[in-house]
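For reference, the structure discussed in these notes is given below.
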Amino acid sequence: MNTPHNHDSCIESALATAERLCKSQNQKLTKVRRRALELIWQSHRPLGAYQLLAKLAEEGFNSAPPTVYRALDFLMSAGLIHKVESMNAYLGCAHADKIHKGYFLICDQCHNVMEFDYQDIHNALIEKAAAQGFSLRAETIELTGLCENCQDEKQPQEMES
Ligand SMILES: [Zn+2]
Ligand SMILES: [Zn+2]
Ligand SMILES: [Zn+2]
């Protein structure tokens, strides 16, 4: 996230959305699924499966890899998290109730990841692929650079005075 914000409310609203979505799809947000989601939402930096595994183990969950991967699969198929392929890690989605692809802006410095609006690019990709007779299965769009905060930090201090 760019601006300083109350991250507790990010977590709260993510969990509330998860409860609501699971209920409406007749799915169970089991303890391990809920805790995994909460741990992934600890920040806007994606969390790797092994880090997640270690944290769940610390807390006494059944942290056998299959359990954790099943929880991750569930959260992904429910649209509650995305996998950031280039980081091999998982990110909580703030728009889980809208169907969308995850297109990401990844900050090289703080490793925060933001999603950006995908629809126009998505449409263009489908069109370009179709023009080649290609049927699109997956799209990975992960842009790297510096987030607003990290750019600010690089600026000389004279701005302040
Ligand atoms: Zn936040
Ligand atoms: Zn998303
Ligand atoms: Zn940054």
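Quick note on naming: the chains in the structure tokens go A, B, ... in the order shown, residues restart at 1 in each chain, and ligands are numbered from 1 in order of appearance.
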
Item to complete: Residues within 9 Å of ligand 3, counting only C-alpha atoms and all ligand atoms: report them as a PyMOL selection string.
Response: chain A and resi 1-2+106-113+145-151

Practice prompt. Show me which residues sit within 12 Å of ligand 2 when counting only C-alpha atoms and all ligand atoms, and put them as a ChimeraX atom specification.
Written response: /A:14,75-84,90-105,113-118

Let's have the selection written as a compact mmCIF listing (two decimals), in the first residue's frame, with N, CA and C atoms.
```txt
# COMPACT_ATOMS: atom_id res chain seq x y z
N ALA A 14 -10.94 -8.01 5.00
CA ALA A 14 -10.63 -9.22 4.22
C ALA A 14 -11.28 -10.44 4.86
N LEU A 75 -8.23 -21.04 -0.84
CA LEU A 75 -8.27 -19.58 -0.78
C LEU A 75 -8.11 -18.97 -2.18
N MET A 76 -7.29 -19.62 -3.01
CA MET A 76 -7.11 -19.12 -4.38
C MET A 76 -8.36 -19.33 -5.21
N SER A 77 -8.95 -20.53 -5.10
CA SER A 77 -10.12 -20.79 -5.94
C SER A 77 -11.30 -19.93 -5.48
N ALA A 78 -11.31 -19.56 -4.21
CA ALA A 78 -12.37 -18.67 -3.72
C ALA A 78 -12.08 -17.21 -4.10
N GLY A 79 -10.91 -16.96 -4.68
CA GLY A 79 -10.56 -15.59 -5.08
C GLY A 79 -10.10 -14.72 -3.93
N LEU A 80 -9.81 -15.34 -2.79
CA LEU A 80 -9.44 -14.55 -1.61
C LEU A 80 -7.96 -14.18 -1.59
N ILE A 81 -7.16 -14.95 -2.29
CA ILE A 81 -5.75 -14.64 -2.42
C ILE A 81 -5.33 -14.84 -3.88
N HIS A 82 -4.20 -14.25 -4.23
CA HIS A 82 -3.59 -14.49 -5.54
C HIS A 82 -2.21 -15.05 -5.32
N LYS A 83 -1.73 -15.78 -6.33
CA LYS A 83 -0.32 -16.17 -6.29
C LYS A 83 0.46 -15.17 -7.13
N VAL A 84 1.50 -14.62 -6.56
CA VAL A 84 2.40 -13.75 -7.32
C VAL A 84 3.52 -14.65 -7.82
N TYR A 90 2.13 -15.62 -1.91
CA TYR A 90 0.68 -15.39 -1.95
C TYR A 90 0.32 -14.03 -1.35
N LEU A 91 -0.66 -13.41 -1.99
CA LEU A 91 -1.07 -12.07 -1.61
C LEU A 91 -2.58 -12.06 -1.36
N GLY A 92 -2.98 -11.41 -0.29
CA GLY A 92 -4.41 -11.27 -0.03
C GLY A 92 -5.03 -10.33 -1.04
N CYS A 93 -6.24 -10.65 -1.49
CA CYS A 93 -6.91 -9.80 -2.48
C CYS A 93 -7.96 -8.95 -1.79
N ALA A 94 -7.93 -7.66 -2.08
CA ALA A 94 -8.87 -6.73 -1.47
C ALA A 94 -10.17 -6.61 -2.27
N HIS A 95 -10.22 -7.28 -3.41
CA HIS A 95 -11.44 -7.20 -4.24
C HIS A 95 -11.97 -8.60 -4.50
N ALA A 96 -11.96 -9.40 -3.45
CA ALA A 96 -12.29 -10.82 -3.64
C ALA A 96 -13.71 -11.02 -4.14
N ASP A 97 -14.58 -10.05 -3.91
CA ASP A 97 -15.96 -10.25 -4.34
C ASP A 97 -16.19 -9.87 -5.80
N LYS A 98 -15.14 -9.37 -6.47
CA LYS A 98 -15.27 -9.09 -7.90
C LYS A 98 -14.41 -10.07 -8.68
N ILE A 99 -14.96 -10.63 -9.74
CA ILE A 99 -14.17 -11.54 -10.56
C ILE A 99 -13.13 -10.74 -11.33
N HIS A 100 -11.87 -11.10 -11.19
CA HIS A 100 -10.82 -10.36 -11.90
C HIS A 100 -9.54 -11.19 -11.95
N LYS A 101 -8.64 -10.79 -12.81
CA LYS A 101 -7.31 -11.37 -12.85
C LYS A 101 -6.43 -10.53 -11.94
N GLY A 102 -5.42 -11.17 -11.37
CA GLY A 102 -4.47 -10.41 -10.58
C GLY A 102 -3.34 -9.88 -11.45
N TYR A 103 -3.31 -8.57 -11.63
CA TYR A 103 -2.19 -7.92 -12.30
C TYR A 103 -1.48 -7.10 -11.22
N PHE A 104 -0.18 -7.22 -11.15
CA PHE A 104 0.50 -6.70 -9.95
C PHE A 104 1.58 -5.68 -10.26
N LEU A 105 1.70 -4.74 -9.33
CA LEU A 105 2.82 -3.81 -9.29
C LEU A 105 3.66 -4.21 -8.09
N VAL A 113 3.16 -5.30 -2.72
CA VAL A 113 2.57 -5.57 -4.03
C VAL A 113 1.18 -4.98 -4.07
N MET A 114 0.90 -4.25 -5.14
CA MET A 114 -0.44 -3.70 -5.34
C MET A 114 -1.05 -4.31 -6.58
N GLU A 115 -2.37 -4.42 -6.54
CA GLU A 115 -3.07 -4.84 -7.76
C GLU A 115 -3.45 -3.61 -8.55
N PHE A 116 -3.51 -3.75 -9.85
CA PHE A 116 -4.04 -2.65 -10.63
C PHE A 116 -5.11 -3.13 -11.59
N ASP A 117 -5.87 -2.19 -12.07
CA ASP A 117 -7.05 -2.51 -12.86
C ASP A 117 -6.65 -3.26 -14.12
N TYR A 118 -7.38 -4.32 -14.42
CA TYR A 118 -6.91 -5.23 -15.44
C TYR A 118 -7.74 -5.24 -16.71
```

Practice prompt. Could you report the residues within 8 Å of ligand 1, using only C-alpha atoms and all ligand atoms, as a PyMOL selection string?
Written response: chain A and resi 1+5-11+41+43-44

Worksheet entry | Residues of stretch 30-157 of chain A in strand (DSSP E), written as number ranges by chain | A: 47-48, 81-84, 89-92, 103-107, 113-115, 141-145

Emit the selected residues as a PDB file, in the first residue's frame, including C-alpha atoms.
```pdb
ATOM      1  CA  LEU A  47       3.926 -14.596   1.881  1.00  0.00           C
ATOM      2  CA  GLY A  48       5.667 -17.768   0.685  1.00  0.00           C
ATOM      3  CA  ILE A  81      -5.748 -14.636  -2.416  1.00  0.00           C
ATOM      4  CA  HIS A  82      -3.594 -14.489  -5.541  1.00  0.00           C
ATOM      5  CA  LYS A  83      -0.324 -16.165  -6.286  1.00  0.00           C
ATOM      6  CA  VAL A  84       2.402 -13.752  -7.321  1.00  0.00           C
ATOM      7  CA  ALA A  89       4.253 -16.191  -2.831  1.00  0.00           C
ATOM      8  CA  TYR A  90       0.683 -15.387  -1.953  1.00  0.00           C
ATOM      9  CA  LEU A  91      -1.071 -12.067  -1.609  1.00  0.00           C
ATOM     10  CA  GLY A  92      -4.411 -11.270  -0.030  1.00  0.00           C
ATOM     11  CA  TYR A 103      -2.191  -7.915 -12.295  1.00  0.00           C
ATOM     12  CA  PHE A 104       0.500  -6.699  -9.954  1.00  0.00           C
ATOM     13  CA  LEU A 105       2.825  -3.808  -9.295  1.00  0.00           C
ATOM     14  CA  ILE A 106       5.753  -5.104  -7.266  1.00  0.00           C
ATOM     15  CA  CYS A 107       8.014  -2.697  -5.408  1.00  0.00           C
ATOM     16  CA  VAL A 113       2.574  -5.569  -4.029  1.00  0.00           C
ATOM     17  CA  MET A 114      -0.438  -3.698  -5.335  1.00  0.00           C
ATOM     18  CA  GLU A 115      -3.071  -4.839  -7.757  1.00  0.00           C
ATOM     19  CA  ILE A 141       1.342  -9.600 -15.441  1.00  0.00           C
ATOM     20  CA  GLU A 142       3.802  -8.556 -12.793  1.00  0.00           C
ATOM     21  CA  LEU A 143       5.467  -5.187 -13.138  1.00  0.00           C
ATOM     22  CA  THR A 144       8.425  -4.239 -11.001  1.00  0.00           C
ATOM     23  CA  GLY A 145       9.587  -0.809  -9.939  1.00  0.00           C
TER      24      GLY A 145
END
```

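The interatomic distance for the pair atom CA of A:Lys31 and atom CA of A:Ser63 works out to 12.3 Å.
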
Worksheet item: Which is closest to A:Phe74 among A:Leu39, A:Ala18, A:Met87, A:Leu53, if we use only C-alpha atoms?
Response: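 When distances to A:Phe74 are compared using only C-alpha atoms, the smallest one comes from A:Ala18.
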
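Checking A:Asn88, A:Leu136, A:Leu52, A:Glu59 one by one against A:Leu37, counting only C-alpha atoms, you find the shortest gap at A:Leu52.
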
Worksheet item: Do you have the atom CA of A:Leu56-atom CA of A:Pro4 distance handy?
Response: 27.9 Å

Fill in: Computed interatomic separation between atom CA of A:Arg137 and atom CA of A:Leu21 (Å)
25.0 Å
